[in-house]
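One file, model35.cif, is given below (mmCIF, C-alpha atoms).
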```cif
data_structure
loop_
_atom_site.group_PDB
_atom_site.id
_atom_site.type_symbol
_atom_site.label_atom_id
_atom_site.label_comp_id
_atom_site.auth_asym_id
_atom_site.auth_seq_id
_atom_site.Cartn_x
_atom_site.Cartn_y
_atom_site.Cartn_z
ATOM 1 C CA MET A 1 116.164 -136.710 98.199
ATOM 2 C CA THR A 2 112.886 -136.581 96.279
ATOM 3 C CA THR A 3 111.722 -133.098 95.276
ATOM 4 C CA PRO A 4 108.161 -131.976 94.516
ATOM 5 C CA SER A 5 106.944 -133.326 91.191
ATOM 6 C CA ASP A 6 106.681 -131.280 88.014
ATOM 7 C CA SER A 7 104.121 -131.960 85.284
ATOM 8 C CA SER A 8 106.390 -134.242 83.249
ATOM 9 C CA HIS A 9 107.166 -136.348 86.315
ATOM 10 C CA LEU A 10 103.467 -136.670 87.108
ATOM 11 C CA SER A 11 102.719 -137.578 83.483
ATOM 12 C CA GLU A 12 105.243 -140.418 83.663
ATOM 13 C CA LEU A 13 103.657 -141.698 86.849
ATOM 14 C CA LYS A 14 100.177 -141.381 85.335
ATOM 15 C CA SER A 15 101.245 -143.638 82.461
ATOM 16 C CA ILE A 16 102.565 -146.216 84.917
ATOM 17 C CA LEU A 17 99.364 -146.113 86.969
ATOM 18 C CA ILE A 18 97.236 -146.540 83.848
ATOM 19 C CA ASP A 19 99.302 -149.509 82.672
ATOM 20 C CA ALA A 20 99.015 -151.037 86.147
ATOM 21 C CA VAL A 21 95.218 -150.784 86.337
ATOM 22 C CA LEU A 22 94.907 -152.205 82.811
ATOM 23 C CA ALA A 23 97.127 -155.142 83.793
ATOM 24 C CA GLY A 24 95.151 -155.704 86.980
ATOM 25 C CA ALA A 25 91.786 -155.480 85.230
ATOM 26 C CA ALA A 26 92.869 -158.049 82.627
ATOM 27 C CA ARG A 27 93.492 -160.497 85.478
ATOM 28 C CA VAL A 28 90.126 -159.660 87.068
ATOM 29 C CA LEU A 29 88.311 -160.464 83.838
ATOM 30 C CA ALA A 30 90.317 -163.673 83.398
ATOM 31 C CA VAL A 31 89.179 -164.850 86.832
ATOM 32 C CA ARG A 32 85.579 -163.935 86.060
ATOM 33 C CA ALA A 33 85.725 -165.706 82.685
ATOM 34 C CA ALA A 34 87.083 -168.847 84.340
ATOM 35 C CA GLY A 35 84.120 -168.870 86.709
ATOM 36 C CA ALA A 36 86.285 -169.427 89.797
ATOM 37 C CA VAL A 37 85.837 -166.191 91.743
ATOM 38 C CA GLY A 38 86.685 -167.926 95.040
ATOM 39 C CA ALA A 39 85.088 -165.383 97.395
ATOM 40 C CA ARG A 40 85.911 -165.673 101.083
ATOM 41 C CA TYR A 41 86.274 -163.388 104.109
ATOM 42 C CA LYS A 42 89.804 -162.162 104.779
ATOM 43 C CA ASP A 43 88.641 -160.808 108.141
ATOM 44 C CA ALA A 44 85.347 -160.594 109.992
ATOM 45 C CA THR A 45 83.816 -158.034 107.630
ATOM 46 C CA GLU A 46 85.638 -157.883 104.287
ATOM 47 C CA VAL A 47 85.331 -160.176 101.258
ATOM 48 C CA VAL A 48 88.348 -161.059 99.102
ATOM 49 C CA THR A 49 88.397 -163.079 95.866
ATOM 50 C CA GLU A 50 90.909 -164.726 93.556
ATOM 51 C CA ALA A 51 90.466 -161.675 91.315
ATOM 52 C CA ASP A 52 91.696 -159.341 94.100
ATOM 53 C CA ARG A 53 94.865 -161.366 94.519
ATOM 54 C CA ALA A 54 95.530 -161.817 90.792
ATOM 55 C CA SER A 55 95.021 -158.111 90.092
ATOM 56 C CA ASP A 56 97.241 -157.106 93.038
ATOM 57 C CA GLU A 57 100.043 -159.339 91.757
ATOM 58 C CA ALA A 58 99.861 -157.909 88.226
ATOM 59 C CA MET A 59 99.777 -154.296 89.416
ATOM 60 C CA LEU A 60 102.688 -154.734 91.809
ATOM 61 C CA ARG A 61 104.766 -156.226 89.005
ATOM 62 C CA VAL A 62 104.174 -153.100 86.875
ATOM 63 C CA PHE A 63 105.132 -150.792 89.759
ATOM 64 C CA GLN A 64 108.273 -152.724 90.632
ATOM 65 C CA THR A 65 109.383 -152.856 87.002
ATOM 66 C CA ARG A 66 108.652 -149.296 85.953
ATOM 67 C CA CYS A 67 108.810 -146.993 88.985
ATOM 68 C CA PRO A 68 112.492 -147.249 90.022
ATOM 69 C CA ALA A 69 113.566 -145.553 86.783
ATOM 70 C CA VAL A 70 111.253 -142.622 87.553
ATOM 71 C CA ASP A 71 111.893 -142.319 91.301
ATOM 72 C CA PRO A 72 113.588 -145.101 93.316
ATOM 73 C CA GLU A 73 112.309 -143.590 96.570
ATOM 74 C CA ILE A 74 108.621 -144.231 95.838
ATOM 75 C CA SER A 75 107.059 -146.901 98.034
ATOM 76 C CA PHE A 76 104.006 -148.963 97.096
ATOM 77 C CA HIS A 77 100.948 -149.834 99.150
ATOM 78 C CA LEU A 78 98.488 -152.298 97.648
ATOM 79 C CA GLU A 79 95.360 -153.659 99.289
ATOM 80 C CA GLU A 80 96.381 -157.320 99.274
ATOM 81 C CA SER A 81 100.201 -157.364 99.193
ATOM 82 C CA GLY A 82 100.681 -154.489 101.640
ATOM 83 C CA VAL A 83 103.615 -152.072 101.699
ATOM 84 C CA THR A 84 106.688 -152.529 99.528
ATOM 85 C CA GLY A 85 109.698 -150.291 100.138
ATOM 86 C CA ALA A 86 110.532 -147.855 102.896
ATOM 87 C CA PRO A 87 107.596 -145.502 103.597
ATOM 88 C CA GLY A 88 108.431 -141.919 102.669
ATOM 89 C CA ARG A 89 106.820 -138.735 101.420
ATOM 90 C CA CYS A 90 106.086 -140.222 97.970
ATOM 91 C CA ARG A 91 103.807 -143.235 97.662
ATOM 92 C CA ILE A 92 101.850 -145.142 95.063
ATOM 93 C CA GLY A 93 98.705 -146.817 96.332
ATOM 94 C CA ALA A 94 96.360 -149.239 94.618
ATOM 95 C CA ASP A 95 93.110 -151.050 95.248
ATOM 96 C CA PRO A 96 93.225 -153.997 92.823
ATOM 97 C CA LEU A 97 89.459 -154.508 93.054
ATOM 98 C CA ASP A 98 87.352 -151.781 94.632
ATOM 99 C CA GLY A 99 83.843 -153.072 95.234
ATOM 100 C CA THR A 100 84.767 -156.714 95.790
ATOM 101 C CA SER A 101 81.374 -157.706 97.208
ATOM 102 C CA HIS A 102 79.658 -156.048 94.229
ATOM 103 C CA PHE A 103 81.971 -157.976 91.860
ATOM 104 C CA ALA A 104 81.485 -161.278 93.682
ATOM 105 C CA SER A 105 77.705 -160.920 93.412
ATOM 106 C CA GLY A 106 77.931 -160.429 89.642
ATOM 107 C CA GLY A 107 78.039 -156.624 89.500
ATOM 108 C CA THR A 108 79.860 -154.755 86.740
ATOM 109 C CA LEU A 109 80.485 -151.309 88.281
ATOM 110 C CA TYR A 110 83.477 -152.386 90.391
ATOM 111 C CA SER A 111 86.793 -150.689 89.597
ATOM 112 C CA VAL A 112 90.546 -151.172 89.590
ATOM 113 C CA GLN A 113 92.262 -148.101 91.060
ATOM 114 C CA ALA A 114 95.665 -146.523 91.610
ATOM 115 C CA HIS A 115 96.993 -143.187 92.810
ATOM 116 C CA TYR A 116 100.168 -141.249 93.529
ATOM 117 C CA ILE A 117 100.565 -139.205 96.715
ATOM 118 C CA GLU A 118 103.182 -136.712 97.937
ATOM 119 C CA ASP A 119 103.127 -135.670 101.600
ATOM 120 C CA GLY A 120 99.650 -137.151 101.897
ATOM 121 C CA VAL A 121 98.235 -135.095 99.006
ATOM 122 C CA PRO A 122 96.837 -137.118 96.062
ATOM 123 C CA LEU A 123 98.325 -135.803 92.798
ATOM 124 C CA VAL A 124 97.361 -138.504 90.280
ATOM 125 C CA GLY A 125 94.312 -140.770 90.325
ATOM 126 C CA VAL A 126 93.163 -143.545 87.982
ATOM 127 C CA VAL A 127 89.847 -145.430 88.196
ATOM 128 C CA PHE A 128 89.084 -148.178 85.655
ATOM 129 C CA GLN A 129 85.714 -149.913 85.246
ATOM 130 C CA PRO A 130 86.376 -152.589 82.592
ATOM 131 C CA GLU A 131 82.727 -153.692 82.268
ATOM 132 C CA ALA A 132 80.936 -150.364 82.722
ATOM 133 C CA TYR A 133 79.451 -150.164 79.207
ATOM 134 C CA ARG A 134 79.331 -153.812 78.034
ATOM 135 C CA PRO A 135 79.798 -156.675 80.501
ATOM 136 C CA LEU A 136 81.739 -159.872 79.990
ATOM 137 C CA GLU A 137 78.510 -161.800 80.473
ATOM 138 C CA VAL A 138 77.229 -160.666 77.063
ATOM 139 C CA SER A 139 80.479 -160.323 75.112
ATOM 140 C CA ASP A 140 84.027 -161.673 74.921
ATOM 141 C CA ALA A 141 85.036 -158.044 74.294
ATOM 142 C CA PRO A 142 83.686 -156.159 77.344
ATOM 143 C CA MET A 143 83.701 -152.398 77.060
ATOM 144 C CA GLY A 144 84.545 -150.069 79.909
ATOM 145 C CA ARG A 145 85.728 -146.631 80.922
ATOM 146 C CA LEU A 146 89.134 -145.527 82.103
ATOM 147 C CA VAL A 147 89.019 -142.241 84.048
ATOM 148 C CA TRP A 148 92.103 -140.393 85.252
ATOM 149 C CA ALA A 149 93.278 -137.023 86.453
ATOM 150 C CA VAL A 150 96.499 -135.222 87.274
ATOM 151 C CA ARG A 151 96.329 -132.382 89.770
ATOM 152 C CA GLY A 152 95.997 -129.084 87.907
ATOM 153 C CA GLN A 153 95.578 -130.760 84.496
ATOM 154 C CA GLY A 154 91.915 -131.783 84.427
ATOM 155 C CA ALA A 155 90.030 -135.082 84.416
ATOM 156 C CA TYR A 156 89.683 -137.329 81.370
ATOM 157 C CA VAL A 157 87.789 -140.449 80.302
ATOM 158 C CA GLN A 158 88.742 -143.045 77.684
ATOM 159 C CA ARG A 159 86.603 -145.873 76.362
ATOM 160 C CA THR A 160 88.184 -149.338 76.504
ATOM 161 C CA GLU A 161 87.520 -152.702 74.885
ATOM 162 C CA LEU A 162 89.133 -156.012 75.740
ATOM 163 C CA ALA A 163 90.827 -157.615 72.729
ATOM 164 C CA GLY A 164 92.234 -161.005 73.663
ATOM 165 C CA ASP A 165 94.107 -160.479 76.905
ATOM 166 C CA ALA A 166 94.778 -156.739 76.498
ATOM 167 C CA PHE A 167 92.724 -153.547 76.273
ATOM 168 C CA GLN A 168 92.286 -151.218 73.332
ATOM 169 C CA VAL A 169 92.030 -147.677 74.693
ATOM 170 C CA GLY A 170 90.270 -144.833 72.908
ATOM 171 C CA GLU A 171 91.123 -141.157 72.729
ATOM 172 C CA PRO A 172 90.899 -139.135 75.966
ATOM 173 C CA ARG A 173 87.950 -136.807 76.435
ATOM 174 C CA ARG A 174 87.825 -134.043 79.045
ATOM 175 C CA VAL A 175 85.093 -134.518 81.630
ATOM 176 C CA ALA A 176 83.445 -132.128 84.065
ATOM 177 C CA ALA A 177 80.728 -132.651 86.630
ATOM 178 C CA LYS A 178 77.297 -131.263 85.830
ATOM 179 C CA PRO A 179 76.075 -128.368 88.007
ATOM 180 C CA ARG A 180 73.536 -129.215 90.720
ATOM 181 C CA GLY A 181 71.527 -126.646 92.646
ATOM 182 C CA VAL A 182 70.621 -126.810 96.333
ATOM 183 C CA THR A 183 67.242 -128.482 96.883
ATOM 184 C CA ARG A 184 65.288 -129.854 99.828
ATOM 185 C CA ASN A 185 66.817 -133.327 99.494
ATOM 186 C CA PHE A 186 69.212 -135.261 97.294
ATOM 187 C CA LEU A 187 69.768 -138.616 95.659
ATOM 188 C CA ALA A 188 72.732 -139.808 97.691
ATOM 189 C CA CYS A 189 74.952 -142.700 98.680
ATOM 190 C CA VAL A 190 75.627 -142.687 102.430
ATOM 191 C CA PRO A 191 76.889 -146.196 103.301
ATOM 192 C CA ILE A 192 76.330 -147.947 106.608
ATOM 193 C CA THR A 193 78.387 -151.148 106.669
ATOM 194 C CA GLY A 194 79.964 -153.683 108.982
ATOM 195 C CA LYS A 195 83.389 -152.165 108.272
ATOM 196 C CA MET A 196 82.413 -148.994 110.147
ATOM 197 C CA SER A 197 82.885 -148.361 113.833
ATOM 198 C CA PRO A 198 79.822 -147.555 116.000
ATOM 199 C CA ALA A 199 80.829 -143.877 115.971
ATOM 200 C CA GLU A 200 81.123 -143.854 112.169
ATOM 201 C CA ARG A 201 77.756 -145.548 111.770
ATOM 202 C CA ALA A 202 76.240 -142.938 114.095
ATOM 203 C CA LEU A 203 77.444 -140.134 111.779
ATOM 204 C CA ALA A 204 75.840 -141.809 108.763
ATOM 205 C CA ARG A 205 72.589 -142.512 110.631
ATOM 206 C CA ARG A 206 72.256 -138.837 111.549
ATOM 207 C CA VAL A 207 72.357 -137.982 107.852
ATOM 208 C CA HIS A 208 69.846 -140.726 107.060
ATOM 209 C CA ASP A 209 67.515 -139.301 109.722
ATOM 210 C CA SER A 210 68.000 -135.662 108.673
ATOM 211 C CA GLY A 211 65.645 -135.618 105.690
ATOM 212 C CA LEU A 212 68.449 -134.657 103.287
ATOM 213 C CA ILE A 213 68.280 -137.992 101.468
ATOM 214 C CA GLY A 214 65.460 -138.200 98.959
ATOM 215 C CA GLY A 215 66.630 -141.591 97.696
ATOM 216 C CA MET A 216 69.522 -143.995 98.363
ATOM 217 C CA THR A 217 71.909 -145.276 95.700
ATOM 218 C CA GLY A 218 75.302 -146.961 95.497
ATOM 219 C CA VAL A 219 77.437 -149.243 93.323
ATOM 220 C CA GLY A 220 79.468 -151.063 95.967
ATOM 221 C CA GLY A 221 82.755 -149.170 95.759
ATOM 222 C CA ALA A 222 84.099 -145.658 96.368
ATOM 223 C CA GLY A 223 85.509 -145.271 92.857
ATOM 224 C CA GLY A 224 82.241 -146.195 91.191
ATOM 225 C CA ASN A 225 80.239 -144.004 93.547
ATOM 226 C CA VAL A 226 82.357 -140.943 92.765
ATOM 227 C CA LEU A 227 82.147 -141.609 89.015
ATOM 228 C CA TRP A 228 78.357 -141.626 89.344
ATOM 229 C CA LEU A 229 78.543 -138.014 90.515
ATOM 230 C CA ILE A 230 80.494 -137.117 87.378
ATOM 231 C CA PHE A 231 78.667 -139.173 84.749
ATOM 232 C CA GLY A 232 75.210 -139.320 86.322
ATOM 233 C CA GLY A 233 73.604 -141.543 88.932
ATOM 234 C CA HIS A 234 73.356 -139.546 92.153
ATOM 235 C CA ASP A 235 74.047 -136.150 93.680
ATOM 236 C CA VAL A 236 76.205 -136.788 96.759
ATOM 237 C CA TYR A 237 78.554 -139.454 98.073
ATOM 238 C CA ALA A 238 79.092 -139.213 101.838
ATOM 239 C CA ASN A 239 81.504 -141.824 103.198
ATOM 240 C CA PHE A 240 81.741 -141.603 106.988
ATOM 241 C CA GLY A 241 84.167 -144.460 107.465
ATOM 242 C CA ALA A 242 83.443 -147.307 105.062
ATOM 243 C CA GLY A 243 86.408 -146.392 102.835
ATOM 244 C CA GLU A 244 90.165 -145.877 103.110
ATOM 245 C CA ASP A 245 92.926 -144.105 101.200
ATOM 246 C CA LEU A 246 93.380 -146.901 98.654
ATOM 247 C CA ASP A 247 89.799 -146.597 97.410
ATOM 248 C CA LEU A 248 89.138 -142.906 98.120
ATOM 249 C CA ALA A 249 92.358 -141.131 97.073
ATOM 250 C CA PRO A 250 92.168 -142.058 93.344
ATOM 251 C CA PRO A 251 88.625 -140.739 92.779
ATOM 252 C CA GLN A 252 89.425 -137.722 94.969
ATOM 253 C CA VAL A 253 91.855 -136.393 92.348
ATOM 254 C CA ILE A 254 89.363 -137.071 89.554
ATOM 255 C CA ALA A 255 86.480 -135.436 91.424
ATOM 256 C CA GLN A 256 88.477 -132.312 92.267
ATOM 257 C CA GLU A 257 89.705 -131.938 88.688
ATOM 258 C CA ALA A 258 86.151 -132.457 87.410
ATOM 259 C CA GLY A 259 84.963 -129.539 89.551
ATOM 260 C CA LEU A 260 83.370 -131.326 92.506
ATOM 261 C CA THR A 261 83.856 -130.460 96.180
ATOM 262 C CA VAL A 262 85.807 -133.111 98.103
ATOM 263 C CA TRP A 263 85.944 -132.391 101.846
ATOM 264 C CA GLY A 264 86.915 -134.053 105.063
ATOM 265 C CA PRO A 265 85.391 -132.939 108.374
ATOM 266 C CA ASP A 266 87.701 -129.874 108.373
ATOM 267 C CA ARG A 267 86.078 -128.584 105.157
ATOM 268 C CA ARG A 268 89.272 -129.169 103.169
ATOM 269 C CA PRO A 269 90.337 -131.815 100.626
ATOM 270 C CA PRO A 270 91.537 -134.871 102.571
ATOM 271 C CA VAL A 271 95.250 -135.336 103.188
ATOM 272 C CA TRP A 272 96.087 -139.006 103.588
ATOM 273 C CA HIS A 273 98.536 -139.254 106.477
ATOM 274 C CA VAL A 274 95.941 -141.642 107.950
ATOM 275 C CA ARG A 275 94.341 -144.642 106.286
ATOM 276 C CA LYS A 276 90.732 -143.864 107.073
ATOM 277 C CA GLN A 277 88.669 -140.705 107.451
ATOM 278 C CA PRO A 278 85.226 -139.331 106.530
ATOM 279 C CA VAL A 279 84.961 -137.918 103.010
ATOM 280 C CA ILE A 280 82.130 -135.974 101.357
ATOM 281 C CA VAL A 281 81.973 -135.629 97.556
ATOM 282 C CA ALA A 282 79.351 -133.126 96.428
ATOM 283 C CA PRO A 283 78.547 -130.742 93.576
ATOM 284 C CA SER A 284 79.393 -127.657 95.670
ATOM 285 C CA ASP A 285 80.739 -126.439 98.991
ATOM 286 C CA GLU A 286 77.201 -125.495 100.024
ATOM 287 C CA ILE A 287 75.853 -129.015 99.517
ATOM 288 C CA ALA A 288 78.873 -130.606 101.196
ATOM 289 C CA GLU A 289 78.281 -128.334 104.195
ATOM 290 C CA LEU A 290 74.668 -129.504 104.468
ATOM 291 C CA PHE A 291 75.752 -133.127 104.774
ATOM 292 C CA LEU A 292 78.579 -132.470 107.233
ATOM 293 C CA ARG A 293 76.259 -130.442 109.474
ATOM 294 C CA ALA A 294 73.603 -133.139 109.274
ATOM 295 C CA ALA A 295 76.204 -135.644 110.506
ATOM 296 C CA GLY A 296 77.067 -133.330 113.406
ATOM 297 C CA LEU A 297 80.532 -132.463 112.090
#
```

Would you mind writing the file's structure down as structure tokens?
Amino acid sequence: MTTPSDSSHLSELKSILIDAVLAGAARVLAVRAAGAVGARYKDATEVVTEADRASDEAMLRVFQTRCPAVDPEISFHLEESGVTGAPGRCRIGADPLDGTSHFASGGTLYSVQAHYIEDGVPLVGVVFQPEAYRPLEVSDAPMGRLVWAVRGQGAYVQRTELAGDAFQVGEPRRVAAKPRGVTRNFLACVPITGKMSPAERALARRVHDSGLIGGMTGVGGAGGNVLWLIFGGHDVYANFGAGEDLDLAPPQVIAQEAGLTVWGPDRRPPVWHVRKQPVIVAPSDEIAELFLRAAGL
């Protein structure tokens, strides 16, 4: 029976998650370089591309090869290939391309993400933006940022550069969110999308109508939107139903370790026994409370 993880166990899993997102991102860039993105709708509201499928395949291969030696009871849940293994208290999840619509329209702030969860609590999160600093459009060696965190061990960023079909990864640097005081309104990302139910859209509209939002931002994916809070770009990310565990759990770990408030409607860090729930990421409890109250929660 699997027991709660110690730091060495989590470090092993972190290394596997990092290798998986690097493998997935290499496939994403290969698809983009070939110019055959192949975007289509996989359901009535959600776009999928050849890059999603290629990245999913590469990441799953890493998990299936490496994870059994660490813990044979871990199951995997990836966005495109679904669940592999018997669901249990320990799970690896991955979004092989978070921000697919952003990617398909030529954007460069999409991400490849992975996380490790025990009993619904995210313990390791990895978010990789392979074109964040220098896009493939201007260079055969795009430069990006790899951001990761282990619960209780801090959040770190590493610069990356594609060399051939693999990434060179720089030294890790500790990151922390910049303090933000309470003001009359905030630069914020509060999505309203076709993926949301009418009730979820109503929550977001209440915030839009509240006067709290001084300006709207967004980069097309949960991982990128949370990283903007850490590295600069906006003040608050309030997701009332546009995201799920596969795109929200990885940046949740990073945000918490960087010193941000990450709350669900119960004013606690989300526990992912469900796939979808509202999540607020803010500089402080006080600011998170403002947005939850504005939504009527």

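Separating CA of Phe63 in chain A from CA of Glu161 in chain A is a distance of 23.1 Å.
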
Exactly which residues make up the result of the PyMOL selection byres ((chain A and resi 231) around 10) on this file, given as a PyMOL selection string?
chain A and resi 175-178+226-230+232-234

Counting all atoms listed in the file, which residues have an atom no more than 8 Å from (88.0, -148.4, 93.8) in the file's coordinates? Please list them as number ranges by chain.
A: 95-99, 110-113, 127, 221-224, 246-248, 250-251

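What the PyMOL selection byres ((chain A and resi 286) around 12) matches in the given file is A:Arg180, A:Gly181, A:Val182, A:Thr183, A:Val236, A:Leu260, A:Thr261, A:Val262, A:Trp263, A:Arg267, A:Ile280, A:Val281, A:Ala282, A:Pro283, A:Ser284, A:Asp285, A:Ile287, A:Ala288, A:Glu289, A:Leu290, A:Phe291, A:Leu292, A:Arg293.
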
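As for CA of Val253 in chain A and CA of Arg61 in chain A, they are spaced 23.9 Å apart.
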
Residues at most 12 Å from Gly35 in chain A, counting all atoms listed in the file, excluding those fewer than 4 positions away in the same chain, as a CSV table (one decimal) with C-alpha atoms, in the frame of the given file?
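So selection27.csv came out as:
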```
chain,number,residue,atom,x,y,z
A,28,VAL,CA,90.1,-159.7,87.1
A,29,LEU,CA,88.3,-160.5,83.8
A,30,ALA,CA,90.3,-163.7,83.4
A,31,VAL,CA,89.2,-164.8,86.8
A,39,ALA,CA,85.1,-165.4,97.4
A,49,THR,CA,88.4,-163.1,95.9
A,50,GLU,CA,90.9,-164.7,93.6
A,51,ALA,CA,90.5,-161.7,91.3
A,104,ALA,CA,81.5,-161.3,93.7
A,106,GLY,CA,77.9,-160.4,89.6
A,136,LEU,CA,81.7,-159.9,80.0
A,137,GLU,CA,78.5,-161.8,80.5
```

Mind giving me the straight-line distance from CA of Leu146 in chain A to CA of Thr160 in chain A in Å, one decimal?
6.8 Å

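Nearest to His115 in chain A of all the residues A:Phe167, A:Trp272, A:Tyr156, A:Phe240 is A:Trp272, based on all atoms listed in the file.
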
Which residues are near Arg275 in chain A? Cut-off 12 Å, only C-alpha atoms, ignore same chain within fewer than 6 positions. Put them as number ranges by chain.
A: 77, 79, 93, 120, 241-249

Give me, as a ChimeraX atom specification, all polymer residues having an atom no more than 12 Å from Arg27 in chain A, counting all atoms listed in the file and skipping those fewer than 6 positions away in the same chain.
/A:20-21,33-34,37,49-59,96-97,112,130,162,164-167
